[in-house]
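*Asks:* Sharing run-v9.tsv here; it has TSV, C-alpha atoms.
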chain	number	residue	atom	x	y	z
A	1357	MET	CA	109.63	42.39	41.57
A	1358	ARG	CA	111.89	39.97	43.40
A	1359	GLN	CA	111.51	36.25	43.06
A	1360	VAL	CA	113.41	33.77	45.23
A	1361	VAL	CA	114.70	30.76	43.31
A	1362	SER	CA	117.31	28.08	44.01
A	1363	LEU	CA	120.99	28.35	43.14
A	1364	LEU	CA	120.90	24.69	42.17
A	1365	CYS	CA	120.39	26.03	38.68
A	1366	ALA	CA	119.79	29.72	38.20
A	1367	LEU	CA	119.30	29.65	34.47
A	1368	SER	CA	121.08	32.90	33.78
A	1369	LEU	CA	123.95	34.97	34.97
A	1370	LEU	CA	125.48	34.31	38.29
A	1371	GLY	CA	125.41	30.70	38.48
A	1372	CYS	CA	124.29	27.35	37.44
A	1373	GLY	CA	126.06	25.71	40.32
A	1374	GLU	CA	125.24	22.91	42.72
A	1375	GLY	CA	125.74	23.45	46.41
A	1376	LEU	CA	127.88	21.32	48.66
A	1377	PRO	CA	126.18	18.14	49.89
A	1378	SER	CA	124.56	18.18	53.31
A	1379	ALA	CA	124.64	15.41	55.88
A	1380	ASP	CA	121.81	13.54	54.15
A	1381	GLY	CA	123.46	13.78	50.72
A	1382	THR	CA	121.25	16.52	49.32
A	1383	ALA	CA	122.60	19.82	48.08
A	1384	GLU	CA	122.37	22.86	50.31
A	1385	PRO	CA	120.62	25.61	48.31
A	1386	ILE	CA	121.15	29.30	48.79
A	1387	SER	CA	118.73	31.99	47.85
A	1388	VAL	CA	119.04	33.80	44.58
A	1389	VAL	CA	117.02	36.89	43.91
A	1390	GLU	CA	116.01	37.74	40.37
A	1391	GLN	CA	115.60	41.46	40.11
A	1392	THR	CA	115.35	44.32	37.69
A	1393	ALA	CA	117.94	46.94	38.52
A	1394	ASN	CA	117.05	50.62	38.84
A	1395	VAL	CA	119.38	51.57	35.99
A	1396	PRO	CA	117.39	51.62	32.71
A	1397	GLY	CA	118.47	48.84	30.37
A	1398	THR	CA	120.31	46.90	33.08
A	1399	HIS	CA	118.83	43.63	34.29
A	1400	GLY	CA	120.33	40.65	35.96
A	1401	TYR	CA	120.59	38.14	38.75
A	1402	GLU	CA	121.60	38.91	42.29
A	1403	ILE	CA	122.96	36.24	44.61
A	1404	GLU	CA	121.96	37.19	48.15
A	1405	LEU	CA	123.14	35.14	51.09
A	1406	PRO	CA	119.96	34.21	53.01
A	1407	ILE	CA	121.04	35.69	56.34
A	1408	TRP	CA	117.44	36.46	57.31
A	1409	ASN	CA	115.75	33.41	55.76
A	1410	LEU	CA	115.23	30.48	58.13
A	1411	ALA	CA	114.17	28.28	55.20
A	1412	PHE	CA	117.80	28.17	54.03
A	1413	VAL	CA	119.63	27.30	57.25
A	1414	PRO	CA	122.50	24.85	56.53
A	1415	SER	CA	122.01	21.39	58.02
A	1416	ASN	CA	124.84	21.77	60.57
A	1417	TRP	CA	123.10	24.80	62.10
A	1418	GLU	CA	119.86	25.00	64.05
A	1419	THR	CA	117.33	27.66	64.96
A	1420	TYR	CA	115.42	27.96	68.22
A	1421	SER	CA	113.05	30.47	69.78
A	1422	PRO	CA	113.18	31.09	73.55
A	1423	PRO	CA	110.09	32.84	74.97
A	1424	ASP	CA	109.96	36.61	74.37
A	1425	ILE	CA	113.36	36.68	72.63
A	1426	GLY	CA	112.72	35.78	69.01
A	1427	TRP	CA	114.64	33.44	66.73
A	1428	LEU	CA	118.27	32.56	67.34
A	1429	ILE	CA	120.64	30.43	65.28
A	1430	ARG	CA	123.58	28.35	66.47
A	1431	SER	CA	125.99	25.71	65.25
A	1432	ARG	CA	125.13	22.11	66.14
A	1433	SER	CA	128.82	21.47	66.88
A	1434	GLY	CA	128.92	23.69	69.97
A	1435	SER	CA	129.68	27.23	71.05
A	1436	SER	CA	132.89	27.75	69.03
A	1437	PRO	CA	132.79	29.97	65.94
A	1438	ALA	CA	131.85	27.98	62.83
A	1439	THR	CA	131.38	28.46	59.09
A	1440	MET	CA	127.90	29.23	57.78
A	1441	ASN	CA	128.20	27.40	54.45
A	1442	TRP	CA	125.34	27.50	51.93
A	1443	GLY	CA	127.38	25.62	49.32
A	1444	GLY	CA	128.81	26.56	45.96
A	1445	GLY	CA	131.47	28.83	47.47
A	1446	ASN	CA	128.93	30.94	49.39
A	1447	ALA	CA	129.84	31.22	53.05
A	1448	LEU	CA	130.41	33.47	56.06
A	1449	TYR	CA	133.18	32.47	58.48
A	1450	ASN	CA	133.66	32.40	62.25
A	1451	ILE	CA	129.95	32.82	62.93
A	1452	LEU	CA	128.76	32.82	66.55
A	1453	GLU	CA	125.36	32.04	68.00
A	1454	SER	CA	123.30	34.93	66.64
A	1455	HIS	CA	119.94	36.63	66.92
A	1456	VAL	CA	118.15	36.53	63.56
A	1457	PRO	CA	118.21	38.58	61.31
A	1458	TYR	CA	121.91	39.10	62.19
A	1459	LEU	CA	124.83	36.75	61.73
A	1460	ASP	CA	127.63	37.67	64.15
A	1461	SER	CA	131.21	37.02	63.04
A	1462	VAL	CA	134.32	37.28	65.25
A	1463	LEU	CA	137.80	38.32	64.10
A	1464	ALA	CA	140.84	36.91	65.88
A	1465	GLN	CA	143.38	39.27	67.39
A	1466	GLY	CA	146.15	40.10	64.94
A	1467	THR	CA	147.79	42.67	62.70
A	1468	GLY	CA	146.65	41.49	59.27
A	1469	TYR	CA	143.38	41.03	57.42
A	1470	GLN	CA	140.88	38.24	58.01
A	1471	VAL	CA	138.53	36.93	55.32
A	1472	LEU	CA	134.94	37.17	56.58
A	1473	GLY	CA	133.02	35.71	53.66
A	1474	HIS	CA	132.62	34.81	50.00
A	1475	VAL	CA	129.84	34.99	47.42
A	1476	THR	CA	130.58	32.93	44.31
A	1477	GLY	CA	128.93	32.66	40.92
A	1478	PHE	CA	129.53	32.27	37.19
A	1479	PHE	CA	129.33	35.35	34.99
A	1480	ALA	CA	127.80	34.37	31.64
A	1481	ASN	CA	127.52	37.02	28.96
A	1482	ILE	CA	128.45	37.66	25.33
A	1483	GLN	CA	130.67	40.65	26.08
A	1484	ASN	CA	132.21	42.42	29.07
A	1485	GLY	CA	129.66	43.32	31.72
A	1486	LYS	CA	129.33	44.90	35.15
A	1487	VAL	CA	129.58	42.78	38.30
A	1488	ARG	CA	128.97	44.35	41.71
A	1489	GLY	CA	129.45	42.99	45.21
A	1490	SER	CA	128.08	44.63	48.35
A	1491	VAL	CA	128.01	44.03	52.08
A	1492	GLN	CA	126.12	45.55	55.01
A	1493	PHE	CA	126.84	45.01	58.69
A	1494	GLU	CA	126.78	46.67	62.12
A	1495	MET	CA	129.44	46.98	64.78
A	1496	GLY	CA	130.04	48.71	68.08
A	1497	PRO	CA	130.98	52.44	68.06
A	1498	GLY	CA	133.95	51.85	70.36
A	1499	ASP	CA	135.79	49.93	67.64
A	1500	LEU	CA	135.89	52.79	65.10
A	1501	ARG	CA	139.12	54.60	64.20
A	1502	PRO	CA	138.50	57.89	62.36
A	1503	GLY	CA	140.78	58.54	59.42
A	1504	ILE	CA	141.62	54.87	58.74
A	1505	GLN	CA	140.51	54.28	55.17
A	1506	ASP	CA	141.28	50.58	54.71
A	1507	GLU	CA	139.62	48.82	57.64
A	1508	VAL	CA	137.42	46.87	55.21
A	1509	VAL	CA	138.62	45.51	51.87
A	1510	LEU	CA	136.10	44.34	49.27
A	1511	ALA	CA	137.47	42.42	46.29
A	1512	LEU	CA	135.93	41.01	43.13
A	1513	GLN	CA	138.01	37.98	42.20
A	1514	THR	CA	138.17	35.78	39.11
A	1515	PHE	CA	139.37	32.18	38.83
A	1516	ASN	CA	142.14	31.45	36.33
A	1517	GLY	CA	141.87	27.67	36.56
A	1518	THR	CA	144.28	27.27	39.47
A	1519	ALA	CA	143.79	30.25	41.79
A	1520	TRP	CA	141.56	33.21	42.61
A	1521	THR	CA	143.05	36.61	41.79
A	1522	ASP	CA	141.78	40.12	42.55
A	1523	ALA	CA	140.15	41.83	39.57
A	1524	ALA	CA	138.97	44.89	41.51
A	1525	VAL	CA	139.65	46.00	45.09
A	1526	ARG	CA	138.11	48.76	47.18
A	1527	ASN	CA	139.38	49.95	50.59
A	1528	LEU	CA	136.80	51.44	52.92
A	1529	PRO	CA	136.63	53.00	56.42
A	1530	LEU	CA	134.39	51.53	59.11
A	1531	ALA	CA	131.09	52.92	60.33
A	1532	VAL	CA	128.70	51.72	63.02
A	1533	PHE	CA	126.20	50.94	60.25
A	1534	PHE	CA	128.53	49.94	57.45
A	1535	TYR	CA	127.64	49.58	53.79
A	1536	GLY	CA	130.21	49.11	51.04
A	1537	GLU	CA	130.35	47.90	47.47
A	1538	VAL	CA	132.88	47.15	44.76
A	1539	GLU	CA	132.21	46.80	41.03
A	1540	ALA	CA	134.10	46.06	37.84
A	1541	MET	CA	133.60	45.36	34.15
A	1542	LEU	CA	134.55	41.70	33.74
A	1543	PRO	CA	134.97	39.45	30.71
A	1544	PRO	CA	132.25	36.86	30.03
A	1545	ASN	CA	132.13	33.19	30.98
A	1546	ILE	CA	134.29	33.27	34.10
A	1547	GLU	CA	133.92	32.23	37.71
A	1548	VAL	CA	133.70	35.31	39.89
A	1549	ARG	CA	133.39	35.88	43.61
A	1550	LEU	CA	133.14	38.65	46.17
A	1551	GLU	CA	135.65	38.41	49.01
A	1552	ILE	CA	135.13	40.39	52.23
A	1553	ARG	CA	138.23	41.16	54.32
A	1554	MET	CA	138.57	43.18	57.50
A	1555	ARG	CA	141.55	44.44	59.45
A	1556	GLN	CA	142.26	42.69	62.75
A	1557	ARG	CA	143.17	44.49	65.97
A	1558	PRO	CA	146.14	43.32	68.07
A	1559	GLU	CA	144.51	44.48	71.32
A	1560	TRP	CA	141.16	42.64	71.09
A	1561	ARG	CA	138.83	40.59	68.96
A	1562	ARG	CA	136.47	42.47	66.64
A	1563	TYR	CA	132.84	41.57	66.05
A	1564	VAL	CA	130.71	42.14	62.96
A	1565	SER	CA	126.93	41.64	62.69
A	1566	PHE	CA	126.08	40.88	59.06
A	1567	THR	CA	122.71	41.97	57.70
A	1568	ALA	CA	123.19	41.65	53.92
A	1569	VAL	CA	125.76	40.22	51.49
A	1570	ARG	CA	125.11	40.26	47.74
A	1571	MET	CA	126.70	39.94	44.31
A	1572	PHE	CA	125.00	41.24	41.17
A	1573	GLY	CA	125.79	40.63	37.51
A	1574	ALA	CA	124.34	42.61	34.62
A	1575	GLN	CA	122.59	40.40	32.08
A	1576	CYS	CA	123.06	40.85	28.36
A	1577	TYR	CA	120.10	41.19	26.05
A	1578	PRO	CA	121.57	40.38	22.60
A	1579	ASP	CA	121.39	43.07	19.94
A	1580	PHE	CA	120.52	40.94	16.92
A	1581	ALA	CA	121.18	43.85	14.56
A	1582	ASN	CA	124.80	43.95	15.80
A	1583	ALA	CA	126.15	40.46	16.35
A	1584	GLY	CA	128.09	40.03	19.57
A	1585	SER	CA	126.67	43.16	21.18
A	1586	CYS	CA	124.16	43.85	23.92
A	1587	LEU	CA	121.27	46.26	23.87
Would it be possible to restate this file's structure as structure tokens?
*Replies:*
Amino acid sequence: MRQVVSLLCALSLLGCGEGLPSADGTAEPISVVEQTANVPGTHGYEIELPIWNLAFVPSNWETYSPPDIGWLIRSRSGSSPATMNWGGGNALYNILESHVPYLDSVLAQGTGYQVLGHVTGFFANIQNGKVRGSVQFEMGPGDLRPGIQDEVVLALQTFNGTAWTDAAVRNLPLAVFFYGEVEAMLPPNIEVRLEIRMRQRPEWRRYVSFTAVRMFGAQCYPDFANAGSCL
């Protein structure tokens, strides 16, 4: 069973964090999904960016519905790519006017990697636990390069008080319908985030249509017969 609650204070794992203020001074919430994982004995919170949920559109974006087209979303600042920022370090970058339930991101021409998005939370536990980040998107078949294994880089990062550093990194090839994930056992009581990077192309701009971005943290159920351990 999945229950949508606010990230303003998810009273367990990945985050008791307040979003960035909106234009009217209120915090911008993002959606958090409480779920029971399929693995027996593993439960937790999953932060899911509300790509498909029009109830969580940031205040500097707007939705509209032309006849016979469906819902679209665009930045209020104009046609240039803009950040879709739900607050609390949860954002997708260089987003174009998009047809819901997609959020279309554009990569500049280049030879390096461009950061496409972040999901940020706080991992609270009493011992090391599993954190997993995942992303799903679509792209055109003409932009695929068979045999290239590091077109997409997914990283779980931790914050050491001054900077974010990679705790786990996974390199993945592209597919028209791409899904990738990265996971790691992380120490308790740390800030953690998923970073999505993608290789640029020098010849042209690349486009990605996001459909899902999530970060999951396993929740500890204390084993009272063995202090400091989880069931």
*Asks:* Suppose you want the space between atom CA of A:Ala1438 and atom CA of A:Glu1404; what is it in Å?
*Replies:*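 So the two atoms, atom CA of A:Ala1438 and atom CA of A:Glu1404, lie 20.0 Å apart.
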*Asks:* Measuring atom to atom with all atoms listed in the file, identify which of A:Ser1461, A:Asn1527, A:Gln1556, A:Ser1565 is nearest to A:Asp1506.
*Replies:*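 With all atoms listed in the file as the atom set, the closest residue is A:Asn1527.
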*Asks:* Using all atoms listed in the file for the distances, tell me which of A:Gly1489, A:Gly1536, A:Pro1437, A:Gly1496 is nearest to A:Arg1549.
*Replies:* A:Gly1489
*Asks:* Sorted by chain and rising residue number, which residues of stretch 1496-1573 of chain A lie within 10 Å of stretch 1466-1487 of chain A, and what are their closest atom pairs and distances in Å to one decimal, counting all atoms listed in the file, as CSV?
*Replies:*
residue,atom,partner,partner_atom,distance
A:Glu1507,CA,A:Tyr1469,CA,8.7
A:Val1508,CA,A:Tyr1469,CA,8.6
A:Val1509,CA,A:Tyr1469,CA,8.6
A:Leu1510,CA,A:Val1471,CA,9.9
A:Ala1511,CA,A:His1474,CA,9.8
A:Leu1512,CA,A:Val1487,CA,8.2
A:Gln1513,CA,A:Thr1476,CA,9.2
A:Thr1514,CA,A:Phe1478,CA,9.5
A:Phe1515,CA,A:Phe1478,CA,10.0
A:Val1538,CA,A:Val1487,CA,8.5
A:Glu1539,CA,A:Val1487,CA,5.5
A:Ala1540,CA,A:Lys1486,CA,5.6
A:Met1541,CA,A:Lys1486,CA,4.4
A:Leu1542,CA,A:Asn1484,CA,5.3
A:Pro1543,CA,A:Asn1484,CA,4.4
A:Pro1544,CA,A:Asn1481,CA,4.9
A:Asn1545,CA,A:Ala1480,CA,4.5
A:Ile1546,CA,A:Phe1479,CA,5.5
A:Glu1547,CA,A:Phe1478,CA,4.4
A:Val1548,CA,A:Gly1477,CA,5.6
A:Arg1549,CA,A:Thr1476,CA,4.1
A:Leu1550,CA,A:Val1475,CA,5.1
A:Glu1551,CA,A:His1474,CA,4.8
A:Ile1552,CA,A:Gly1473,CA,5.3
A:Arg1553,CA,A:Val1471,CA,4.4
A:Met1554,CA,A:Tyr1469,CA,5.3
A:Arg1555,CA,A:Tyr1469,CA,4.4
A:Gln1556,CA,A:Gly1466,CA,5.2
A:Arg1557,CA,A:Gly1466,CA,5.4
A:Pro1558,CA,A:Gly1466,CA,4.5
A:Glu1559,CA,A:Gly1466,CA,7.9
A:Trp1560,CA,A:Gly1466,CA,8.3
A:Arg1561,CA,A:Gly1466,CA,8.4
A:Val1564,CA,A:Leu1472,CA,9.1
A:Phe1566,CA,A:Leu1472,CA,9.9
A:Val1569,CA,A:Val1475,CA,7.8
A:Arg1570,CA,A:Val1475,CA,7.1
A:Met1571,CA,A:Val1475,CA,6.6
A:Phe1572,CA,A:Val1487,CA,5.6
A:Gly1573,CA,A:Val1487,CA,4.4
*Asks:* To one decimal place in Å, what is the distance between atom CA of A:Met1495 and atom CA of A:Leu1405?
*Replies:*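 Separation between atom CA of A:Met1495 and atom CA of A:Leu1405: 19.2 Å.
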